[in-house]
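Here's the structure we're looking at; comments come further down.
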Protein chains: 4
Amino acid sequence: MIRVTVWNEFFHEKNNAKVAEIYPDGIHTAIAAGIAQPGLEIRTATQDMPEHGLTEEVLNNTDVLIWWGHKTHRLVEDAIVERVHASVLQGMGLIVLHSGHFSKIFKKLMGTTCDLRWREADEKERIWIVNPAHPIAEGLGHYIELEREEMYGEFFDIPAPDELIMTSWFEGGEVFRSGCTFTRGQGKIFYFRPGHEMYPTYYNKDVLKVISNGVKWAAPVQTEKPVFGKSQPLETIQAKAE
Amino acid sequence: MIRVTVWNEFFHEKNNAKVAEIYPDGIHTAIAAGIAQPGLEIRTATQDMPEHGLTEEVLNNTDVLIWWGHKTHRLVEDAIVERVHASVLQGMGLIVLHSGHFSKIFKKLMGTTCDLRWREADEKERIWIVNPAHPIAEGLGHYIELEREEMYGEFFDIPAPDELIMTSWFEGGEVFRSGCTFTRGQGKIFYFRPGHEMYPTYYNKDVLKVISNGVKWAAPVQTEKPVFGKSQPLETIQAKAE
Amino acid sequence: MIRVTVWNEFFHEKNNAKVAEIYPDGIHTAIAAGIAQPGLEIRTATQDMPEHGLTEEVLNNTDVLIWWGHKTHRLVEDAIVERVHASVLQGMGLIVLHSGHFSKIFKKLMGTTCDLRWREADEKERIWIVNPAHPIAEGLGHYIELEREEMYGEFFDIPAPDELIMTSWFEGGEVFRSGCTFTRGQGKIFYFRPGHEMYPTYYNKDVLKVISNGVKWAAPVQTEKPVFGKSQPLETIQAKAE
Amino acid sequence: MIRVTVWNEFFHEKNNAKVAEIYPDGIHTAIAAGIAQPGLEIRTATQDMPEHGLTEEVLNNTDVLIWWGHKTHRLVEDAIVERVHASVLQGMGLIVLHSGHFSKIFKKLMGTTCDLRWREADEKERIWIVNPAHPIAEGLGHYIELEREEMYGEFFDIPAPDELIMTSWFEGGEVFRSGCTFTRGQGKIFYFRPGHEMYPTYYNKDVLKVISNGVKWAAPVQTEKPVFGKSQPLETIQAKAE
């Protein structure tokens, strides 16, 4: 059983009629419902909850955290960011969606600005699979097509990903590394581009398939916790003449 | 169910009394028995069988192929190597063990000589985990210790691995990239260093754990078979003035 | 001084009037002239020469080999491919251009089919820089635009490149990893996509800039030749009880 | 001309007689003298200077910054760390030496704890080259041997490096990824392990060779500064029916 927490800033849905119409119960609820399946135990959390819904207890019981944020990144408390960061390094998987590229937690894990080009212009996106051996590509066709999405374009200021799985084509002329994996400590991170709040992207079955594949890929494995600091030698060290 | 074929050249066991004593039924049988567990359906094949035991039918029913060879690499028929190569590109996982580094199939997949330094001197090897987020490290401690092994030392002439999971320390002063992953086409490849025929390495529970972790990691996922060649445009291409 | 050999199959220019008009002295001559600059000593070689112009003596005096081939890949002699392969592993840089993706030497170095989607439709290509720290991107803008090119689309069946520097957008809806680096042994390899024979791509100053940047990046450095085989221990190995 | 700034916390040399004896003018001065050569313009800066010697003006005139720190990492002002971070993303090269692994700037760029195992036991280190194609390995033998060094052991909590160039063997039984490259934004970063203050490591000619190779590799190239934010389309976007 993989325990998933879907986190959402939950701002646009309460402040924009069109978004509210698309996601009446919030993006988090749509994602949670969309990826529901045997083997996943899913809960949600939102920024307006105490400790943003990410208490020690919640994180200790989360195998994979899915993150959607956009408008209120700066209002996420640094102490909670530190807590999530520690959890990732200790093995909690993290799926960062769309505008989550600019979240404090993603920037902290990447070490870069995570900036990019963008445009809202009702344009077509086609997400090509460039690594057909990867479990995150399971069950997809050669590409995912989204009739209307926000454009994100290169240069995307992230470290070179460990694995590049998907690359987007945009109608307006740009490309983007849309499906990227990273490891940090014992934790696995998957960044997945689509999901502008003004479009019903999180009802698209291919998009949901990628997210649930990502959850399975990012779930922690029972590896040994690293030991750091002063260490006794495992072999005899020869005394040396001065 | 993952269908595993353990392939062995099966030469030393029939030509060297000491090896025969350690592996009376062959290295393949020891590995097959050692990784046996629910979820794996395991068969063996050896070089002396017709088509080296790797008929079309066997390969079509193999999810992961484990390869051990050493003395008779050059006697493996090129046609069979081509067949295995095609299977890997189409998604069959491949675990290459120890002296399999010099097999035709590994060299063909890597594009390099796959050469290295070596020494048989009854020396200690300590294999350190350098990627504790990786499923192939599941259930291990911080390192695996083998009291006696053959030394393999750098430079190991392979392409930079996609993921480096383990690095060996040798008593005689060398290091080696001992656990390396690669993808080729839809196939995943894991090279794992230990397993000299003169030592009972394939009875070591950590070594067996790595091999079975590798099998699970390398098992094919149901990704879409790539389509190549002439392609119709997906968007309208503007006529251009000469 | 970097000694460059520009190799061309030199077939289309002699068999197609339109290509002959664009490249009257051959693609090799256009590239050689286009990248000429202080610090580069450039010669050319073509497939119709004895030993395809790639004698031991030529290769021993080549720091970086540029390769363009398409129609007559299969007529390149295997012995010459082996010779070029050995030179790359020993440090000679290799720049593979456009349809060179299907050359024997590139396939041998990659270990995969190197297949891809393609289309000749007079369409626009825009090559985005996705690694602005890389010397191969020196002096370029954010992208290179080519009004008419052949389309190459994903999945491109190569190993994950060591570094991805450029990604193409095509008017017809595809993307492609257009600027990729690899190392094999002591040699550095750069694959660069553009250059269909029916278009004057090798007169484009950005394309030429990338090729000359590639030459400088791929030029061999004086690293120590690896030593392989049986090795004496560097440290005392303890005698062990049976 | 590459403009290099060698930065040192300069604490141990003023507070420990043995260190003062080895590096009477500070580690920074020894490194600056040791890598001096035509083509490098070298200055030094220390933590006790105003703004730690890293004013806007200094950074604007630095192509590559070399960083040695250990005891007083926490006293480096956050504002200066931000400034160095911005410079790296804009292309300044960064060479992080030895205990600089725990500096604020390295941790910020990596996004991880950068923790490791360590031991001071007068033990032998042998640094093996595992990438003989890399310019940072230029002019070295197959390994560098240091008779006495501090041990650093795995797991080293960094992201998987873009390139692994060197791996250390330690007498006491550990291994370590000792020469690692990363890119962040337009900047290139090289981490190099050796250099405990209690040993004369920065007088070793191979160690100095690696540092000067690193400087040349990390020097900025004139790539185009990325543009971020709202972007006009480069192609016509079709109006879509509601």
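Residues are named by chain letter and number: chains run A, B, ... in the order of the structure tokens, numbers start at 1 in each chain, and ligands are numbered from 1 in the order shown.
Residues in contact range of B:His28, defined as at most 9 Å between only C-alpha atoms, with sequence neighbours fewer than 2 positions away removed, read Val6, Trp7, Asn8, Glu9, Phe10, Tyr23, Asp25, Gly26, Ala30, Ile31, Ala32, Ala33, Thr44, Ala45, Thr46, Ile66, Trp67 and Trp68 of chain B.
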How would the residues just picked look written out with C-alpha atoms as a PDB file, in the first residue's frame?
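Output saved as result_4.pdb:
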ATOM      1  CA  VAL B   6      19.402 -17.574 -15.985  1.00  0.00           C
ATOM      2  CA  TRP B   7      22.008 -18.173 -18.678  1.00  0.00           C
ATOM      3  CA  ASN B   8      25.433 -19.661 -18.009  1.00  0.00           C
ATOM      4  CA  GLU B   9      28.269 -20.693 -20.277  1.00  0.00           C
ATOM      5  CA  PHE B  10      28.664 -23.702 -17.906  1.00  0.00           C
ATOM      6  CA  TYR B  23      28.810 -25.116  -7.997  1.00  0.00           C
ATOM      7  CA  ASP B  25      25.028 -28.061 -10.675  1.00  0.00           C
ATOM      8  CA  GLY B  26      26.436 -24.976 -12.282  1.00  0.00           C
ATOM      9  CA  ALA B  30      22.823 -21.769  -7.807  1.00  0.00           C
ATOM     10  CA  ILE B  31      21.540 -18.374  -8.923  1.00  0.00           C
ATOM     11  CA  ALA B  32      18.140 -19.755  -9.917  1.00  0.00           C
ATOM     12  CA  ALA B  33      17.763 -21.408  -6.520  1.00  0.00           C
ATOM     13  CA  THR B  44      17.914 -21.794 -16.863  1.00  0.00           C
ATOM     14  CA  ALA B  45      19.752 -22.084 -20.164  1.00  0.00           C
ATOM     15  CA  THR B  46      23.344 -22.951 -20.990  1.00  0.00           C
ATOM     16  CA  ILE B  66      20.658 -13.067 -16.419  1.00  0.00           C
ATOM     17  CA  TRP B  67      24.025 -13.620 -18.133  1.00  0.00           C
ATOM     18  CA  TRP B  68      27.142 -15.298 -16.782  1.00  0.00           C
TER      19      TRP B  68
END
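For chain B, the residues no farther than 6 Å from chain C when using only C-alpha atoms are Lys108, Leu109, Met110, Gly111, Leu116, Arg117, Trp118, Arg119, Asp157, Pro159, Gly172, Gly173, Arg184, Gly185, Phe228, Gly229, Lys230, Ser231, Pro233, Leu234, Glu235 and Ile237 of chain B.
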Could those selected residues go to a file with C-alpha atoms, as a short mmCIF file (atom, residue, chain, number, x, y, z; two decimals), in the first residue's frame?
data_model
loop_
_atom_site.label_atom_id
_atom_site.label_comp_id
_atom_site.auth_asym_id
_atom_site.auth_seq_id
_atom_site.Cartn_x
_atom_site.Cartn_y
_atom_site.Cartn_z
CA LYS B 108 27.52 -4.72 -28.41
CA LEU B 109 25.10 -2.89 -26.12
CA MET B 110 27.79 -0.66 -24.65
CA GLY B 111 29.71 0.18 -27.83
CA LEU B 116 39.17 -3.49 -17.05
CA ARG B 117 42.01 -4.44 -14.69
CA TRP B 118 41.77 -7.76 -12.87
CA ARG B 119 43.62 -9.96 -10.39
CA ASP B 157 35.70 0.96 -20.28
CA PRO B 159 29.85 4.47 -21.24
CA GLY B 172 44.83 -4.49 -3.09
CA GLY B 173 44.14 -0.79 -3.65
CA ARG B 184 18.90 0.74 -24.52
CA GLY B 185 15.66 1.13 -26.48
CA PHE B 228 10.18 4.70 -36.76
CA GLY B 229 10.45 5.84 -40.37
CA LYS B 230 8.45 8.16 -42.59
CA SER B 231 5.82 10.03 -40.58
CA PRO B 233 2.75 15.62 -40.03
CA LEU B 234 0.52 16.13 -37.00
CA GLU B 235 0.11 19.82 -37.75
CA ILE B 237 2.93 22.81 -42.54
#
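Listed by chain and then by rising number, the residues of stretch 103-132 of chain A that DSSP assigns to strand (DSSP E or B) from the backbone are Arg117, Trp118, Arg119, Glu120, Ala121, Asp122, Glu123, Lys124, Glu125, Arg126, Ile127, Trp128 and Ile129 of chain A.
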Write out, as a PDB file, in the first residue's frame, the residues just selected, with N, CA and C atoms.
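Here's the written file part.pdb:
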ATOM      1  N   ARG A 117      10.050  30.209 -19.373  1.00  0.00           N
ATOM      2  CA  ARG A 117       9.150  31.058 -20.153  1.00  0.00           C
ATOM      3  C   ARG A 117       7.729  30.535 -20.026  1.00  0.00           C
ATOM      4  N   TRP A 118       6.747  31.408 -20.119  1.00  0.00           N
ATOM      5  CA  TRP A 118       5.354  30.952 -20.057  1.00  0.00           C
ATOM      6  C   TRP A 118       4.451  31.861 -20.886  1.00  0.00           C
ATOM      7  N   ARG A 119       3.270  31.345 -21.147  1.00  0.00           N
ATOM      8  CA  ARG A 119       2.269  32.098 -21.925  1.00  0.00           C
ATOM      9  C   ARG A 119       0.921  31.401 -21.769  1.00  0.00           C
ATOM     10  N   GLU A 120      -0.121  32.177 -21.559  1.00  0.00           N
ATOM     11  CA  GLU A 120      -1.485  31.629 -21.529  1.00  0.00           C
ATOM     12  C   GLU A 120      -2.155  32.017 -22.824  1.00  0.00           C
ATOM     13  N   ALA A 121      -2.332  31.080 -23.719  1.00  0.00           N
ATOM     14  CA  ALA A 121      -2.844  31.434 -25.045  1.00  0.00           C
ATOM     15  C   ALA A 121      -3.669  30.314 -25.659  1.00  0.00           C
ATOM     16  N   ASP A 122      -4.291  29.517 -24.832  1.00  0.00           N
ATOM     17  CA  ASP A 122      -5.167  28.455 -25.356  1.00  0.00           C
ATOM     18  C   ASP A 122      -4.483  27.623 -26.425  1.00  0.00           C
ATOM     19  N   GLU A 123      -3.250  27.229 -26.169  1.00  0.00           N
ATOM     20  CA  GLU A 123      -2.534  26.567 -27.254  1.00  0.00           C
ATOM     21  C   GLU A 123      -2.364  25.076 -27.026  1.00  0.00           C
ATOM     22  N   LYS A 124      -2.077  24.410 -28.114  1.00  0.00           N
ATOM     23  CA  LYS A 124      -1.952  22.963 -28.069  1.00  0.00           C
ATOM     24  C   LYS A 124      -0.565  22.563 -27.523  1.00  0.00           C
ATOM     25  N   GLU A 125      -0.571  21.526 -26.686  1.00  0.00           N
ATOM     26  CA  GLU A 125       0.680  20.929 -26.201  1.00  0.00           C
ATOM     27  C   GLU A 125       0.684  19.461 -26.596  1.00  0.00           C
ATOM     28  N   ARG A 126       1.841  19.003 -27.066  1.00  0.00           N
ATOM     29  CA  ARG A 126       1.997  17.566 -27.357  1.00  0.00           C
ATOM     30  C   ARG A 126       3.236  17.095 -26.604  1.00  0.00           C
ATOM     31  N   ILE A 127       3.022  16.172 -25.691  1.00  0.00           N
ATOM     32  CA  ILE A 127       4.099  15.713 -24.805  1.00  0.00           C
ATOM     33  C   ILE A 127       4.631  14.389 -25.333  1.00  0.00           C
ATOM     34  N   TRP A 128       5.847  14.412 -25.851  1.00  0.00           N
ATOM     35  CA  TRP A 128       6.451  13.218 -26.447  1.00  0.00           C
ATOM     36  C   TRP A 128       7.222  12.420 -25.397  1.00  0.00           C
ATOM     37  N   ILE A 129       7.084  11.107 -25.485  1.00  0.00           N
ATOM     38  CA  ILE A 129       7.860  10.206 -24.628  1.00  0.00           C
ATOM     39  C   ILE A 129       9.236  10.033 -25.253  1.00  0.00           C
TER      40      ILE A 129
END
>> Can you tell me which residues surround D:Ile165 at a distance of at most 12 Å, considering only C-alpha atoms, apart from same-chain residues fewer than 5 positions away, and format the answer as JSON, numbers by chain?
In response: {"B": [154, 155, 160, 177], "C": [223], "D": [127, 128, 129, 130, 131, 132, 133, 134, 135, 136, 137, 138, 140, 142, 143, 176, 177, 178, 179, 180, 181, 182, 190, 191, 192, 193, 210, 214]}
Could you save the residues just selected, with C-alpha atoms, as a CSV table (one decimal), in the first residue's frame?
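As a result, out.csv now contains:
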chain,number,residue,atom,x,y,z
B,154,GLU,CA,39.2,1.0,-13.0
B,155,PHE,CA,39.3,2.2,-15.7
B,160,ALA,CA,29.0,6.6,-18.2
B,177,ARG,CA,31.9,0.9,-10.5
C,223,THR,CA,44.8,12.0,-20.6
D,127,ILE,CA,42.2,8.8,-6.3
D,128,TRP,CA,41.3,6.8,-9.4
D,129,ILE,CA,40.4,8.4,-12.7
D,130,VAL,CA,37.2,6.9,-13.9
D,131,ASN,CA,36.6,9.2,-16.9
D,132,PRO,CA,39.7,9.4,-19.0
D,133,ALA,CA,38.0,11.5,-21.7
D,134,HIS,CA,37.5,14.5,-19.3
D,135,PRO,CA,39.6,17.6,-19.5
D,136,ILE,CA,39.9,17.7,-15.7
D,137,ALA,CA,41.9,14.4,-16.0
D,138,GLU,CA,44.4,16.0,-18.4
D,140,LEU,CA,47.4,12.9,-14.7
D,142,HIS,CA,45.8,6.5,-13.7
D,143,TYR,CA,45.5,7.6,-10.1
D,176,PHE,CA,34.3,8.2,-2.2
D,177,ARG,CA,33.1,10.1,-5.3
D,178,SER,CA,36.0,12.6,-5.2
D,179,GLY,CA,35.8,14.4,-8.5
D,180,CYS,CA,32.3,15.4,-9.5
D,181,THR,CA,30.9,18.0,-11.9
D,182,PHE,CA,27.5,19.8,-11.9
D,190,PHE,CA,33.5,21.0,-9.7
D,191,TYR,CA,33.8,19.4,-6.4
D,192,PHE,CA,37.3,17.9,-5.6
D,193,ARG,CA,37.8,16.0,-2.3
D,210,VAL,CA,43.4,18.9,-11.0
D,214,GLY,CA,39.0,22.4,-13.0
> Residues at most 6 Å from C:Leu94, counting only C-alpha atoms, excluding those fewer than 4 positions away in the same chain, as a PyMOL selection string?
Replying inline: chain C and resi 64-66+189
Write out, as a PDB file, in the first residue's frame, the residues just selected, with N, CA, C and O atoms.
ATOM      1  N   VAL C  64      39.782  15.459 -34.553  1.00  0.00           N
ATOM      2  CA  VAL C  64      38.317  15.386 -34.577  1.00  0.00           C
ATOM      3  C   VAL C  64      37.871  15.033 -35.985  1.00  0.00           C
ATOM      4  O   VAL C  64      38.281  15.671 -36.960  1.00  0.00           O
ATOM      5  N   LEU C  65      37.011  14.011 -36.060  1.00  0.00           N
ATOM      6  CA  LEU C  65      36.461  13.561 -37.331  1.00  0.00           C
ATOM      7  C   LEU C  65      34.993  13.978 -37.391  1.00  0.00           C
ATOM      8  O   LEU C  65      34.227  13.707 -36.462  1.00  0.00           O
ATOM      9  N   ILE C  66      34.621  14.650 -38.490  1.00  0.00           N
ATOM     10  CA  ILE C  66      33.225  15.034 -38.717  1.00  0.00           C
ATOM     11  C   ILE C  66      32.655  14.069 -39.744  1.00  0.00           C
ATOM     12  O   ILE C  66      33.306  13.805 -40.762  1.00  0.00           O
ATOM     13  N   ILE C 189      32.025  12.340 -28.252  1.00  0.00           N
ATOM     14  CA  ILE C 189      31.163  12.264 -29.428  1.00  0.00           C
ATOM     15  C   ILE C 189      30.073  13.319 -29.298  1.00  0.00           C
ATOM     16  O   ILE C 189      29.486  13.479 -28.228  1.00  0.00           O
TER      17      ILE C 189
END
Please give the complete set of residues from stretch 17-193 of chain C that DSSP, run on the backbone, assigns to alpha helix (DSSP H), formatted as a compact mmCIF listing (two decimals) with N, CA and C atoms, in the first residue's frame.
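Okay, this is what ended up in out-v1.txt:
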# COMPACT_ATOMS: atom_id res chain seq x y z
N ALA C 17 20.73 16.77 -59.09
CA ALA C 17 21.06 18.10 -59.61
C ALA C 17 20.83 19.19 -58.57
N LYS C 18 19.76 19.03 -57.81
CA LYS C 18 19.46 20.07 -56.83
C LYS C 18 20.53 20.11 -55.73
N VAL C 19 20.93 18.94 -55.28
CA VAL C 19 21.98 18.89 -54.26
C VAL C 19 23.29 19.46 -54.83
N ALA C 20 23.56 19.11 -56.07
CA ALA C 20 24.79 19.59 -56.72
C ALA C 20 24.80 21.13 -56.81
N GLU C 21 23.61 21.67 -56.98
CA GLU C 21 23.52 23.12 -57.07
C GLU C 21 23.81 23.77 -55.72
N ILE C 22 23.30 23.14 -54.67
CA ILE C 22 23.51 23.70 -53.32
C ILE C 22 24.96 23.49 -52.87
N ILE C 27 29.26 18.51 -49.64
CA ILE C 27 28.96 18.97 -48.28
C ILE C 27 30.26 19.14 -47.48
N HIS C 28 31.20 18.22 -47.67
CA HIS C 28 32.47 18.28 -46.92
C HIS C 28 33.19 19.59 -47.15
N THR C 29 33.18 20.03 -48.41
CA THR C 29 33.90 21.26 -48.74
C THR C 29 33.21 22.47 -48.12
N ALA C 30 31.88 22.44 -48.14
CA ALA C 30 31.13 23.55 -47.54
C ALA C 30 31.38 23.63 -46.04
N ILE C 31 31.37 22.48 -45.39
CA ILE C 31 31.62 22.48 -43.93
C ILE C 31 33.06 22.92 -43.65
N ALA C 32 34.00 22.36 -44.40
CA ALA C 32 35.41 22.72 -44.17
C ALA C 32 35.62 24.21 -44.33
N ALA C 33 35.02 24.79 -45.36
CA ALA C 33 35.17 26.23 -45.57
C ALA C 33 34.44 27.01 -44.48
N GLY C 34 33.29 26.49 -44.08
CA GLY C 34 32.45 27.23 -43.14
C GLY C 34 33.00 27.29 -41.72
N ILE C 35 33.77 26.29 -41.34
CA ILE C 35 34.31 26.30 -39.96
C ILE C 35 35.77 26.74 -39.93
N GLU C 56 45.08 4.57 -41.79
CA GLU C 56 45.68 4.66 -40.45
C GLU C 56 46.38 6.01 -40.28
N GLU C 57 47.07 6.40 -41.34
CA GLU C 57 47.85 7.63 -41.26
C GLU C 57 46.94 8.85 -41.09
N VAL C 58 45.85 8.86 -41.84
CA VAL C 58 44.90 9.99 -41.69
C VAL C 58 44.32 10.01 -40.27
N LEU C 59 43.88 8.86 -39.79
CA LEU C 59 43.26 8.84 -38.46
C LEU C 59 44.27 9.20 -37.37
N ASN C 60 45.50 8.73 -37.55
CA ASN C 60 46.53 9.07 -36.55
C ASN C 60 46.83 10.56 -36.51
N ASP C 78 33.53 -2.61 -43.21
CA ASP C 78 33.56 -2.88 -41.77
C ASP C 78 34.95 -2.66 -41.17
N ALA C 79 35.98 -2.97 -41.94
CA ALA C 79 37.34 -2.80 -41.41
C ALA C 79 37.63 -1.32 -41.11
N ILE C 80 37.09 -0.46 -41.94
CA ILE C 80 37.30 0.97 -41.72
C ILE C 80 36.49 1.44 -40.50
N VAL C 81 35.30 0.89 -40.37
CA VAL C 81 34.48 1.21 -39.20
C VAL C 81 35.21 0.80 -37.92
N GLU C 82 35.80 -0.37 -37.94
CA GLU C 82 36.57 -0.84 -36.77
C GLU C 82 37.72 0.11 -36.45
N ARG C 83 38.35 0.58 -37.50
CA ARG C 83 39.49 1.49 -37.34
C ARG C 83 39.05 2.82 -36.74
N VAL C 84 37.96 3.34 -37.23
CA VAL C 84 37.45 4.61 -36.68
C VAL C 84 37.01 4.40 -35.23
N HIS C 85 36.37 3.28 -34.98
CA HIS C 85 35.92 2.95 -33.62
C HIS C 85 37.09 2.94 -32.65
N ALA C 86 38.16 2.27 -33.05
CA ALA C 86 39.36 2.21 -32.19
C ALA C 86 39.93 3.61 -31.96
N SER C 87 39.92 4.42 -33.01
CA SER C 87 40.45 5.78 -32.86
C SER C 87 39.62 6.60 -31.87
N VAL C 88 38.31 6.45 -31.94
CA VAL C 88 37.45 7.19 -31.00
C VAL C 88 37.76 6.75 -29.57
N LEU C 89 37.81 5.45 -29.34
CA LEU C 89 38.07 4.96 -27.97
C LEU C 89 39.41 5.46 -27.46
N LYS C 104 27.27 3.16 -39.73
CA LYS C 104 27.75 2.00 -38.98
C LYS C 104 28.53 2.43 -37.73
N ILE C 105 29.33 3.47 -37.88
CA ILE C 105 30.17 3.86 -36.74
C ILE C 105 29.32 4.39 -35.59
N PHE C 106 28.29 5.18 -35.88
CA PHE C 106 27.47 5.72 -34.80
C PHE C 106 26.68 4.60 -34.13
N LYS C 107 26.12 3.71 -34.93
CA LYS C 107 25.36 2.60 -34.34
C LYS C 107 26.25 1.71 -33.48
N LYS C 108 27.48 1.52 -33.94
CA LYS C 108 28.40 0.67 -33.17
C LYS C 108 28.75 1.33 -31.83
N LEU C 109 28.94 2.62 -31.86
CA LEU C 109 29.29 3.34 -30.63
C LEU C 109 28.12 3.45 -29.67
N MET C 110 26.91 3.52 -30.21
CA MET C 110 25.73 3.68 -29.37
C MET C 110 25.20 2.35 -28.84
